[in-house]
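What follows is start_18.cif (mmCIF, C-alpha atoms, pLDDT in the B column; chains and numbers go by the auth columns).
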data_run
loop_
_atom_site.group_PDB
_atom_site.id
_atom_site.type_symbol
_atom_site.label_atom_id
_atom_site.label_comp_id
_atom_site.label_asym_id
_atom_site.label_seq_id
_atom_site.Cartn_x
_atom_site.Cartn_y
_atom_site.Cartn_z
_atom_site.B_iso_or_equiv
_atom_site.auth_seq_id
_atom_site.auth_asym_id
ATOM 1 C CA MET A 1 -24.062 -13.583 20.707 43.00 1 A
ATOM 2 C CA ILE A 2 -23.333 -9.850 20.450 46.00 2 A
ATOM 3 C CA PHE A 3 -25.571 -7.520 18.470 47.00 3 A
ATOM 4 C CA TRP A 4 -24.443 -4.038 17.526 52.00 4 A
ATOM 5 C CA ASP A 5 -27.193 -1.698 18.668 57.00 5 A
ATOM 6 C CA THR A 6 -25.532 1.483 17.447 55.00 6 A
ATOM 7 C CA SER A 7 -26.046 3.614 14.414 56.00 7 A
ATOM 8 C CA THR A 8 -23.411 3.602 11.735 57.00 8 A
ATOM 9 C CA LEU A 9 -22.462 6.230 9.250 56.00 9 A
ATOM 10 C CA TYR A 10 -23.893 3.884 6.628 55.00 10 A
ATOM 11 C CA GLU A 11 -27.236 2.840 8.171 59.00 11 A
ATOM 12 C CA ASP A 12 -29.350 4.726 5.622 56.00 12 A
ATOM 13 C CA LEU A 13 -27.417 3.360 2.644 53.00 13 A
ATOM 14 C CA SER A 14 -28.268 0.435 0.400 54.00 14 A
ATOM 15 C CA SER A 15 -26.048 -2.655 0.497 58.00 15 A
ATOM 16 C CA THR A 16 -24.526 -1.629 -2.851 63.00 16 A
ATOM 17 C CA GLU A 17 -23.519 1.736 -1.392 55.00 17 A
ATOM 18 C CA ILE A 18 -22.033 0.058 1.697 55.00 18 A
ATOM 19 C CA VAL A 19 -19.954 -2.337 -0.408 61.00 19 A
ATOM 20 C CA SER A 20 -18.767 0.600 -2.519 63.00 20 A
ATOM 21 C CA ALA A 21 -17.794 2.594 0.605 60.00 21 A
ATOM 22 C CA LEU A 22 -15.864 -0.354 2.040 62.00 22 A
ATOM 23 C CA GLU A 23 -14.068 -0.929 -1.250 66.00 23 A
ATOM 24 C CA GLN A 24 -12.943 2.707 -1.203 65.00 24 A
ATOM 25 C CA THR A 25 -11.035 2.117 2.067 65.00 25 A
ATOM 26 C CA GLU A 26 -8.600 0.159 -0.104 64.00 26 A
ATOM 27 C CA TYR A 27 -7.439 3.518 -1.475 62.00 27 A
ATOM 28 C CA ILE A 28 -6.941 5.147 1.925 69.00 28 A
ATOM 29 C CA ALA A 29 -3.669 4.123 3.571 69.00 29 A
ATOM 30 C CA GLU A 30 -5.054 4.750 7.082 72.00 30 A
ATOM 31 C CA PHE A 31 -7.323 1.673 6.859 75.00 31 A
ATOM 32 C CA THR A 32 -6.488 -2.008 6.539 77.00 32 A
ATOM 33 C CA PRO A 33 -9.238 -3.699 4.578 76.00 33 A
ATOM 34 C CA VAL A 34 -8.909 -7.457 5.024 82.00 34 A
ATOM 35 C CA LYS A 35 -10.989 -9.968 3.135 83.00 35 A
ATOM 36 C CA MET A 36 -12.015 -13.060 5.075 85.00 36 A
ATOM 37 C CA TYR A 37 -9.948 -15.429 2.919 89.00 37 A
ATOM 38 C CA GLU A 38 -6.855 -13.198 3.444 90.00 38 A
ATOM 39 C CA PHE A 39 -7.376 -13.309 7.216 90.00 39 A
ATOM 40 C CA TYR A 40 -7.680 -17.123 7.245 91.00 40 A
ATOM 41 C CA LYS A 41 -4.616 -17.454 5.027 93.00 41 A
ATOM 42 C CA LEU A 42 -2.610 -15.336 7.501 92.00 42 A
ATOM 43 C CA ILE A 43 -3.905 -16.946 10.691 92.00 43 A
ATOM 44 C CA GLU A 44 -3.529 -20.517 9.370 92.00 44 A
ATOM 45 C CA SER A 45 0.037 -20.014 8.114 91.00 45 A
ATOM 46 C CA PRO A 46 3.024 -21.637 9.906 91.00 46 A
ATOM 47 C CA ILE A 47 3.416 -18.385 11.868 89.00 47 A
ATOM 48 C CA PRO A 48 -0.185 -17.487 12.837 91.00 48 A
ATOM 49 C CA ASN A 49 -0.034 -13.688 12.674 93.00 49 A
ATOM 50 C CA ALA A 50 -2.749 -11.482 11.230 93.00 50 A
ATOM 51 C CA TYR A 51 -4.257 -8.026 11.426 92.00 51 A
ATOM 52 C CA LEU A 52 -7.791 -6.652 11.349 89.00 52 A
ATOM 53 C CA PRO A 53 -9.367 -3.200 11.481 86.00 53 A
ATOM 54 C CA ILE A 54 -10.610 -2.254 14.944 84.00 54 A
ATOM 55 C CA ILE A 55 -14.289 -1.391 15.037 78.00 55 A
ATOM 56 C CA GLN A 56 -15.463 0.668 17.979 78.00 56 A
ATOM 57 C CA THR A 57 -18.296 2.922 18.993 76.00 57 A
ATOM 58 C CA LYS A 58 -17.910 6.651 19.456 77.00 58 A
ATOM 59 C CA LYS A 59 -20.260 9.354 20.670 80.00 59 A
ATOM 60 C CA GLU A 60 -20.996 11.981 18.070 79.00 60 A
ATOM 61 C CA LYS A 61 -23.672 14.618 18.664 83.00 61 A
ATOM 62 C CA ASP A 62 -25.123 12.583 21.569 81.00 62 A
ATOM 63 C CA LYS A 63 -25.449 9.526 19.344 78.00 63 A
ATOM 64 C CA ALA A 64 -23.277 6.402 19.371 75.00 64 A
ATOM 65 C CA ILE A 65 -21.849 5.523 15.976 74.00 65 A
ATOM 66 C CA THR A 66 -19.676 2.627 14.849 71.00 66 A
ATOM 67 C CA SER A 67 -16.327 3.517 13.287 74.00 67 A
ATOM 68 C CA ILE A 68 -12.971 2.023 12.307 76.00 68 A
ATOM 69 C CA ASP A 69 -10.125 3.098 14.592 81.00 69 A
ATOM 70 C CA GLY A 70 -6.705 1.555 14.084 87.00 70 A
ATOM 71 C CA THR A 71 -5.579 -1.998 13.457 92.00 71 A
ATOM 72 C CA ALA A 72 -5.550 -5.017 15.763 94.00 72 A
ATOM 73 C CA VAL A 73 -2.410 -7.179 15.650 95.00 73 A
ATOM 74 C CA ILE A 74 -3.183 -10.858 16.176 95.00 74 A
ATOM 75 C CA ASN A 75 -0.729 -13.586 17.148 94.00 75 A
ATOM 76 C CA THR A 76 -1.735 -17.198 17.785 90.00 76 A
ATOM 77 C CA TYR A 77 -5.460 -16.347 17.684 90.00 77 A
ATOM 78 C CA LYS A 78 -5.242 -13.530 20.251 94.00 78 A
ATOM 79 C CA MET A 79 -5.019 -9.766 19.918 94.00 79 A
ATOM 80 C CA VAL A 80 -1.552 -8.817 21.150 97.00 80 A
ATOM 81 C CA GLY A 81 -1.361 -5.175 20.107 96.00 81 A
ATOM 82 C CA LYS A 82 -2.925 -2.196 18.411 96.00 82 A
ATOM 83 C CA LEU A 83 -1.595 0.066 15.666 94.00 83 A
ATOM 84 C CA ASN A 84 -2.694 3.692 15.545 91.00 84 A
ATOM 85 C CA THR A 85 -3.487 5.408 12.247 85.00 85 A
ATOM 86 C CA HIS A 86 0.127 6.454 11.601 82.00 86 A
ATOM 87 C CA GLU A 87 1.390 2.924 12.287 89.00 87 A
ATOM 88 C CA THR A 88 -1.374 1.460 10.090 87.00 88 A
ATOM 89 C CA VAL A 89 -0.106 3.559 7.170 84.00 89 A
ATOM 90 C CA GLY A 90 3.357 2.064 7.775 86.00 90 A
ATOM 91 C CA LEU A 91 1.918 -1.456 7.794 89.00 91 A
ATOM 92 C CA ASN A 92 0.115 -0.823 4.511 87.00 92 A
ATOM 93 C CA VAL A 93 3.306 0.549 2.935 86.00 93 A
ATOM 94 C CA LEU A 94 5.297 -2.509 4.083 89.00 94 A
ATOM 95 C CA LEU A 95 2.636 -4.872 2.725 88.00 95 A
ATOM 96 C CA ASN A 96 2.403 -3.019 -0.621 87.00 96 A
ATOM 97 C CA LYS A 97 -1.222 -2.148 0.136 84.00 97 A
ATOM 98 C CA ALA A 98 -0.883 1.657 0.225 79.00 98 A
ATOM 99 C CA LYS A 99 -2.781 2.608 -2.902 78.00 99 A
ATOM 100 C CA GLY A 100 -3.827 6.069 -1.838 77.00 100 A
ATOM 101 C CA GLY A 101 -4.150 8.571 0.962 77.00 101 A
ATOM 102 C CA SER A 102 -2.354 11.768 1.789 78.00 102 A
ATOM 103 C CA LYS A 103 0.406 12.988 4.048 79.00 103 A
ATOM 104 C CA THR A 104 0.656 16.502 5.476 82.00 104 A
ATOM 105 C CA VAL A 105 4.017 17.705 6.765 83.00 105 A
ATOM 106 C CA SER A 106 5.251 20.950 8.274 83.00 106 A
ATOM 107 C CA LEU A 107 8.213 22.594 6.591 82.00 107 A
ATOM 108 C CA ASN A 108 8.460 25.001 9.536 81.00 108 A
ATOM 109 C CA ASP A 109 6.112 26.541 12.142 81.00 109 A
ATOM 110 C CA LYS A 110 3.873 28.233 9.569 84.00 110 A
ATOM 111 C CA GLU A 111 4.258 26.292 6.329 85.00 111 A
ATOM 112 C CA LYS A 112 2.504 23.016 5.593 87.00 112 A
ATOM 113 C CA VAL A 113 2.373 20.859 2.504 88.00 113 A
ATOM 114 C CA SER A 114 0.135 17.882 1.664 87.00 114 A
ATOM 115 C CA VAL A 115 1.137 15.146 -0.728 86.00 115 A
ATOM 116 C CA GLU A 116 -1.404 12.702 -2.160 86.00 116 A
ATOM 117 C CA ILE A 117 -0.102 9.144 -2.540 84.00 117 A
ATOM 118 C CA LYS A 118 -0.589 7.803 -6.065 84.00 118 A
ATOM 119 C CA LYS A 119 1.578 4.685 -5.969 84.00 119 A
ATOM 120 C CA SER A 120 3.677 2.850 -3.411 85.00 120 A
ATOM 121 C CA GLU A 121 6.097 -0.029 -3.876 91.00 121 A
ATOM 122 C CA THR A 122 8.088 -1.783 -1.169 93.00 122 A
ATOM 123 C CA GLU A 123 10.867 -4.295 -1.609 94.00 123 A
ATOM 124 C CA ILE A 124 12.029 -6.247 1.466 93.00 124 A
ATOM 125 C CA ASN A 125 15.359 -8.082 1.397 95.00 125 A
ATOM 126 C CA PRO A 126 15.806 -10.143 4.586 93.00 126 A
ATOM 127 C CA THR A 127 19.220 -11.466 5.659 94.00 127 A
ATOM 128 C CA LEU A 128 20.326 -13.623 8.542 92.00 128 A
ATOM 129 C CA ASP A 129 23.371 -12.376 10.435 92.00 129 A
ATOM 130 C CA GLY A 130 24.110 -15.187 12.896 93.00 130 A
ATOM 131 C CA ASN A 131 20.887 -15.442 14.909 92.00 131 A
ATOM 132 C CA GLN A 132 19.849 -11.898 14.034 94.00 132 A
ATOM 133 C CA LEU A 133 17.289 -11.314 11.296 92.00 133 A
ATOM 134 C CA LYS A 134 17.856 -8.079 9.403 94.00 134 A
ATOM 135 C CA ALA A 135 15.796 -6.537 6.646 93.00 135 A
ATOM 136 C CA HIS A 136 16.767 -3.958 4.065 94.00 136 A
ATOM 137 C CA LEU A 137 13.733 -1.967 2.930 93.00 137 A
ATOM 138 C CA LYS A 138 13.469 -0.129 -0.349 93.00 138 A
ATOM 139 C CA ILE A 139 10.326 1.992 -0.362 89.00 139 A
ATOM 140 C CA GLU A 140 9.282 4.130 -3.297 89.00 140 A
ATOM 141 C CA ILE A 141 6.228 6.343 -2.973 85.00 141 A
ATOM 142 C CA GLU A 142 4.945 8.385 -5.870 87.00 142 A
ATOM 143 C CA GLY A 143 2.640 11.286 -5.151 86.00 143 A
ATOM 144 C CA THR A 144 1.346 14.626 -6.250 88.00 144 A
ATOM 145 C CA LEU A 145 1.320 17.938 -4.451 85.00 145 A
ATOM 146 C CA ALA A 146 -2.188 18.238 -3.029 83.00 146 A
ATOM 147 C CA ASP A 147 -1.956 21.396 -0.925 84.00 147 A
ATOM 148 C CA ASN A 148 0.705 24.046 -0.428 85.00 148 A
ATOM 149 C CA THR A 149 0.330 26.736 2.245 85.00 149 A
ATOM 150 C CA THR A 150 3.761 28.203 1.547 84.00 150 A
ATOM 151 C CA ASN A 151 4.522 31.347 -0.430 84.00 151 A
ATOM 152 C CA ARG A 152 7.615 29.813 -1.965 83.00 152 A
ATOM 153 C CA ASN A 153 8.281 29.236 -5.629 83.00 153 A
ATOM 154 C CA ILE A 154 8.069 25.582 -6.540 85.00 154 A
ATOM 155 C CA ASN A 155 11.423 24.475 -7.926 87.00 155 A
ATOM 156 C CA ASP A 156 13.642 21.381 -7.758 89.00 156 A
ATOM 157 C CA GLN A 157 15.255 22.456 -4.452 88.00 157 A
ATOM 158 C CA TRP A 158 11.854 23.033 -2.821 85.00 158 A
ATOM 159 C CA ILE A 159 10.515 19.696 -4.118 86.00 159 A
ATOM 160 C CA SER A 160 13.595 17.935 -2.691 87.00 160 A
ATOM 161 C CA LYS A 161 12.904 19.511 0.713 86.00 161 A
ATOM 162 C CA VAL A 162 9.260 18.360 0.600 85.00 162 A
ATOM 163 C CA GLU A 163 10.318 14.837 -0.423 84.00 163 A
ATOM 164 C CA GLU A 164 12.806 14.721 2.464 85.00 164 A
ATOM 165 C CA GLU A 165 10.176 15.870 4.993 84.00 165 A
ATOM 166 C CA VAL A 166 7.616 13.345 3.745 80.00 166 A
ATOM 167 C CA SER A 167 10.164 10.524 3.861 79.00 167 A
ATOM 168 C CA ASN A 168 11.024 11.405 7.493 76.00 168 A
ATOM 169 C CA HIS A 169 7.431 10.932 8.638 70.00 169 A
#
Give the structure from this file in structure tokens form.
Amino acid sequence: MIFWDTSTLYEDLSSTEIVSALEQTEYIAEFTPVKMYEFYKLIESPIPNAYLPIIQTKKEKDKAITSIDGTAVINTYKMVGKLNTHETVGLNVLLNKAKGGSKTVSLNDKEKVSVEIKKSETEINPTLDGNQLKAHLKIEIEGTLADNTTNRNINDQWISKVEEEVSNH
């Protein structure tokens, strides 16, 4: 049996505060909250694939703390890969679980813009071409401008450029 003998960011919080903090990860696209029944449903399906957040310890100010860092990919009851934060956002978008978060992009060397995700919807249309499985993805992400370090006037052309940059990342 393994016991975690490290401090967490939440150790001084009540159980109600911990549950609230964990529920908030649902609105941050960089995390993959998975309820136990969802995990069992995935792992017991005809194709036993699942995913879980990776919990690890980190040193911070000479103290070990427990944190979430990426997503474990599980196939046939074994971890077969790891997704970094950027890849985890992609997974959440594909699974229609991206309910929040933000994306910062560079328009050039000096100008950055952040967009806060408000809504995301993904439609997947798979087709079989001989023995090759293909999927057409239609992804719509709605967001608001969260931060703008440019000196430019905000107009339709500028918004189109920001949308293009966000969609490329």
| query | So what does the PyMOL selection byres ((chain A and resi 78) around 12) actually pick up in this one, as a list in words? | reply |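 Those residues are Ile43, Pro48, Asn49, Ala50, Tyr51, Leu52, Ala72, Val73, Ile74, Asn75, Thr76, Tyr77, Met79, Val80, Gly81 and Lys82 of chain A.
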Answer key for the PyMOL selection byres ((chain A and resi 115) around 9), residues as a PDB file with C-alpha atoms, in the coordinates of the input:
ATOM      1  CA  GLY A 101      -4.150   8.571   0.962  1.00 77.00           C
ATOM      2  CA  SER A 102      -2.354  11.768   1.789  1.00 78.00           C
ATOM      3  CA  LYS A 103       0.406  12.988   4.048  1.00 79.00           C
ATOM      4  CA  THR A 104       0.656  16.502   5.476  1.00 82.00           C
ATOM      5  CA  VAL A 105       4.017  17.705   6.765  1.00 83.00           C
ATOM      6  CA  VAL A 113       2.373  20.859   2.504  1.00 88.00           C
ATOM      7  CA  SER A 114       0.135  17.882   1.664  1.00 87.00           C
ATOM      8  CA  GLU A 116      -1.404  12.702  -2.160  1.00 86.00           C
ATOM      9  CA  ILE A 117      -0.102   9.144  -2.540  1.00 84.00           C
ATOM     10  CA  GLY A 143       2.640  11.286  -5.151  1.00 86.00           C
ATOM     11  CA  THR A 144       1.346  14.626  -6.250  1.00 88.00           C
ATOM     12  CA  LEU A 145       1.320  17.938  -4.451  1.00 85.00           C
ATOM     13  CA  ALA A 146      -2.188  18.238  -3.029  1.00 83.00           C
ATOM     14  CA  ASP A 147      -1.956  21.396  -0.925  1.00 84.00           C
ATOM     15  CA  ASN A 148       0.705  24.046  -0.428  1.00 85.00           C
ATOM     16  CA  VAL A 162       9.260  18.360   0.600  1.00 85.00           C
ATOM     17  CA  VAL A 166       7.616  13.345   3.745  1.00 80.00           C
TER      18      VAL A 166
END
| request: Identify, on the basis of all atoms listed in the file, every residue whose closest approach to Ile124 (chain A) does not exceed 9 Å; exclude the query and any residue fewer than 2 positions from it along the same chain; express the result as a ChimeraX atom specification. | output: /A:94,122,126,135-139
Within 12 Å of (3.1, 29.7, -0.7) (file coordinates; all atoms listed in the file), which protein or nucleic acid residues are there? I'd like them as an mmCIF file with C-alpha atoms, in the frame of the given file.
data_model
loop_
_atom_site.group_PDB
_atom_site.id
_atom_site.type_symbol
_atom_site.label_atom_id
_atom_site.label_comp_id
_atom_site.auth_asym_id
_atom_site.auth_seq_id
_atom_site.Cartn_x
_atom_site.Cartn_y
_atom_site.Cartn_z
ATOM 1 C CA LEU A 107 8.213 22.594 6.591
ATOM 2 C CA LYS A 110 3.873 28.233 9.569
ATOM 3 C CA GLU A 111 4.258 26.292 6.329
ATOM 4 C CA LYS A 112 2.504 23.016 5.593
ATOM 5 C CA VAL A 113 2.373 20.859 2.504
ATOM 6 C CA ASP A 147 -1.956 21.396 -0.925
ATOM 7 C CA ASN A 148 0.705 24.046 -0.428
ATOM 8 C CA THR A 149 0.330 26.736 2.245
ATOM 9 C CA THR A 150 3.761 28.203 1.547
ATOM 10 C CA ASN A 151 4.522 31.347 -0.430
ATOM 11 C CA ARG A 152 7.615 29.813 -1.965
ATOM 12 C CA ASN A 153 8.281 29.236 -5.629
ATOM 13 C CA ILE A 154 8.069 25.582 -6.540
ATOM 14 C CA TRP A 158 11.854 23.033 -2.821
#
| said: Between CA of Asn108 (chain A) and CA of His86 (chain A), what is the distance in Å, rounded to a tenth? | reply: 20.4 Å
| request: List the neighbours of region 83-85 of chain A out to 9 Å using all atoms listed in the file; skip same-chain residues closer than 4 positions along the sequence, and give me the result as JSON, numbers by chain. | output: {"A": [29, 30, 31, 69, 70, 71, 72, 73, 89, 90, 91]}
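CA of Glu123 (chain A) sits 26.5 Å away from CA of Asp156 (chain A).
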| note | Separating CA of Lys119 (chain A) from CA of Ile47 (chain A), to the nearest tenth of an Å, is a gap of 29.2 Å
| query | Applied to this file, what does the PyMOL selection byres ((chain A and resi 120) around 6) return in terms of residues, put as a VMD selection string? | reply | chain A and resid 98 119 121 140 to 141
| message | Residues near Ser67 (chain A), anyone? I mean within 7 Å using only C-alpha atoms, not counting same-chain ones fewer than 4 positions away, as a list in words. | response |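 Selected residues are Ile55, Gln56 and Thr57 of chain A.
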May I ask you to restore N, CA, C and O atoms in region 59-82 of chain A and write the result as a compact mmCIF listing (two decimals), in the frame of the given file?
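Result file follows (out.txt):
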# COMPACT_ATOMS: atom_id res chain seq x y z
N LYS A 59 -19.13 8.43 20.52
CA LYS A 59 -20.26 9.35 20.67
C LYS A 59 -20.04 10.53 19.74
O LYS A 59 -19.00 11.14 19.73
N GLU A 60 -21.05 10.82 18.94
CA GLU A 60 -21.00 11.98 18.07
C GLU A 60 -22.37 12.63 18.08
O GLU A 60 -23.36 12.02 17.68
N LYS A 61 -22.41 13.88 18.56
CA LYS A 61 -23.67 14.62 18.66
C LYS A 61 -24.70 13.82 19.48
O LYS A 61 -25.81 13.60 19.05
N ASP A 62 -24.27 13.34 20.64
CA ASP A 62 -25.12 12.58 21.57
C ASP A 62 -25.68 11.29 20.97
O ASP A 62 -26.70 10.79 21.42
N LYS A 63 -25.01 10.77 19.96
CA LYS A 63 -25.45 9.53 19.34
C LYS A 63 -24.23 8.62 19.19
O LYS A 63 -23.17 9.06 18.78
N ALA A 64 -24.38 7.35 19.52
CA ALA A 64 -23.28 6.40 19.37
C ALA A 64 -23.22 5.93 17.92
O ALA A 64 -24.24 5.54 17.35
N ILE A 65 -22.04 6.01 17.34
CA ILE A 65 -21.85 5.52 15.98
C ILE A 65 -20.71 4.51 15.96
O ILE A 65 -19.83 4.54 16.82
N THR A 66 -20.72 3.62 15.00
CA THR A 66 -19.68 2.63 14.85
C THR A 66 -18.66 3.16 13.85
O THR A 66 -19.02 3.70 12.81
N SER A 67 -17.36 3.02 14.19
CA SER A 67 -16.33 3.52 13.29
C SER A 67 -15.10 2.61 13.33
O SER A 67 -14.96 1.79 14.24
N ILE A 68 -14.24 2.76 12.35
CA ILE A 68 -12.97 2.02 12.31
C ILE A 68 -11.90 2.90 12.94
O ILE A 68 -11.78 4.07 12.60
N ASP A 69 -11.14 2.32 13.89
CA ASP A 69 -10.12 3.10 14.59
C ASP A 69 -8.88 2.26 14.84
O ASP A 69 -8.78 1.57 15.85
N GLY A 70 -7.96 2.27 13.90
CA GLY A 70 -6.70 1.56 14.08
C GLY A 70 -6.77 0.12 13.58
O GLY A 70 -7.73 -0.31 12.95
N THR A 71 -5.73 -0.63 13.92
CA THR A 71 -5.58 -2.00 13.46
C THR A 71 -5.19 -2.90 14.61
O THR A 71 -4.28 -2.57 15.37
N ALA A 72 -5.88 -4.02 14.74
CA ALA A 72 -5.55 -5.02 15.76
C ALA A 72 -4.47 -5.94 15.20
O ALA A 72 -4.56 -6.38 14.06
N VAL A 73 -3.46 -6.24 16.02
CA VAL A 73 -2.41 -7.18 15.65
C VAL A 73 -2.72 -8.49 16.38
O VAL A 73 -2.89 -8.50 17.60
N ILE A 74 -2.78 -9.57 15.62
CA ILE A 74 -3.18 -10.86 16.18
C ILE A 74 -2.04 -11.84 16.04
O ILE A 74 -1.42 -11.95 14.98
N ASN A 75 -1.76 -12.56 17.14
CA ASN A 75 -0.73 -13.59 17.15
C ASN A 75 -1.30 -14.80 17.86
O ASN A 75 -1.80 -14.68 18.98
N THR A 76 -1.22 -15.95 17.22
CA THR A 76 -1.74 -17.20 17.78
C THR A 76 -3.16 -17.03 18.29
O THR A 76 -3.47 -17.33 19.44
N TYR A 77 -4.02 -16.47 17.45
CA TYR A 77 -5.46 -16.35 17.68
C TYR A 77 -5.85 -15.36 18.77
O TYR A 77 -7.00 -15.35 19.19
N LYS A 78 -4.93 -14.53 19.23
CA LYS A 78 -5.24 -13.53 20.25
C LYS A 78 -4.74 -12.16 19.82
O LYS A 78 -3.67 -12.05 19.21
N MET A 79 -5.48 -11.12 20.18
CA MET A 79 -5.02 -9.77 19.92
C MET A 79 -3.88 -9.46 20.88
O MET A 79 -4.02 -9.58 22.09
N VAL A 80 -2.73 -9.09 20.33
CA VAL A 80 -1.55 -8.82 21.15
C VAL A 80 -1.11 -7.36 21.08
O VAL A 80 -0.19 -6.96 21.78
N GLY A 81 -1.76 -6.57 20.22
CA GLY A 81 -1.36 -5.18 20.11
C GLY A 81 -2.32 -4.40 19.23
O GLY A 81 -3.24 -4.96 18.62
N LYS A 82 -2.08 -3.10 19.19
CA LYS A 82 -2.92 -2.20 18.41
C LYS A 82 -2.02 -1.20 17.70
O LYS A 82 -1.09 -0.66 18.30
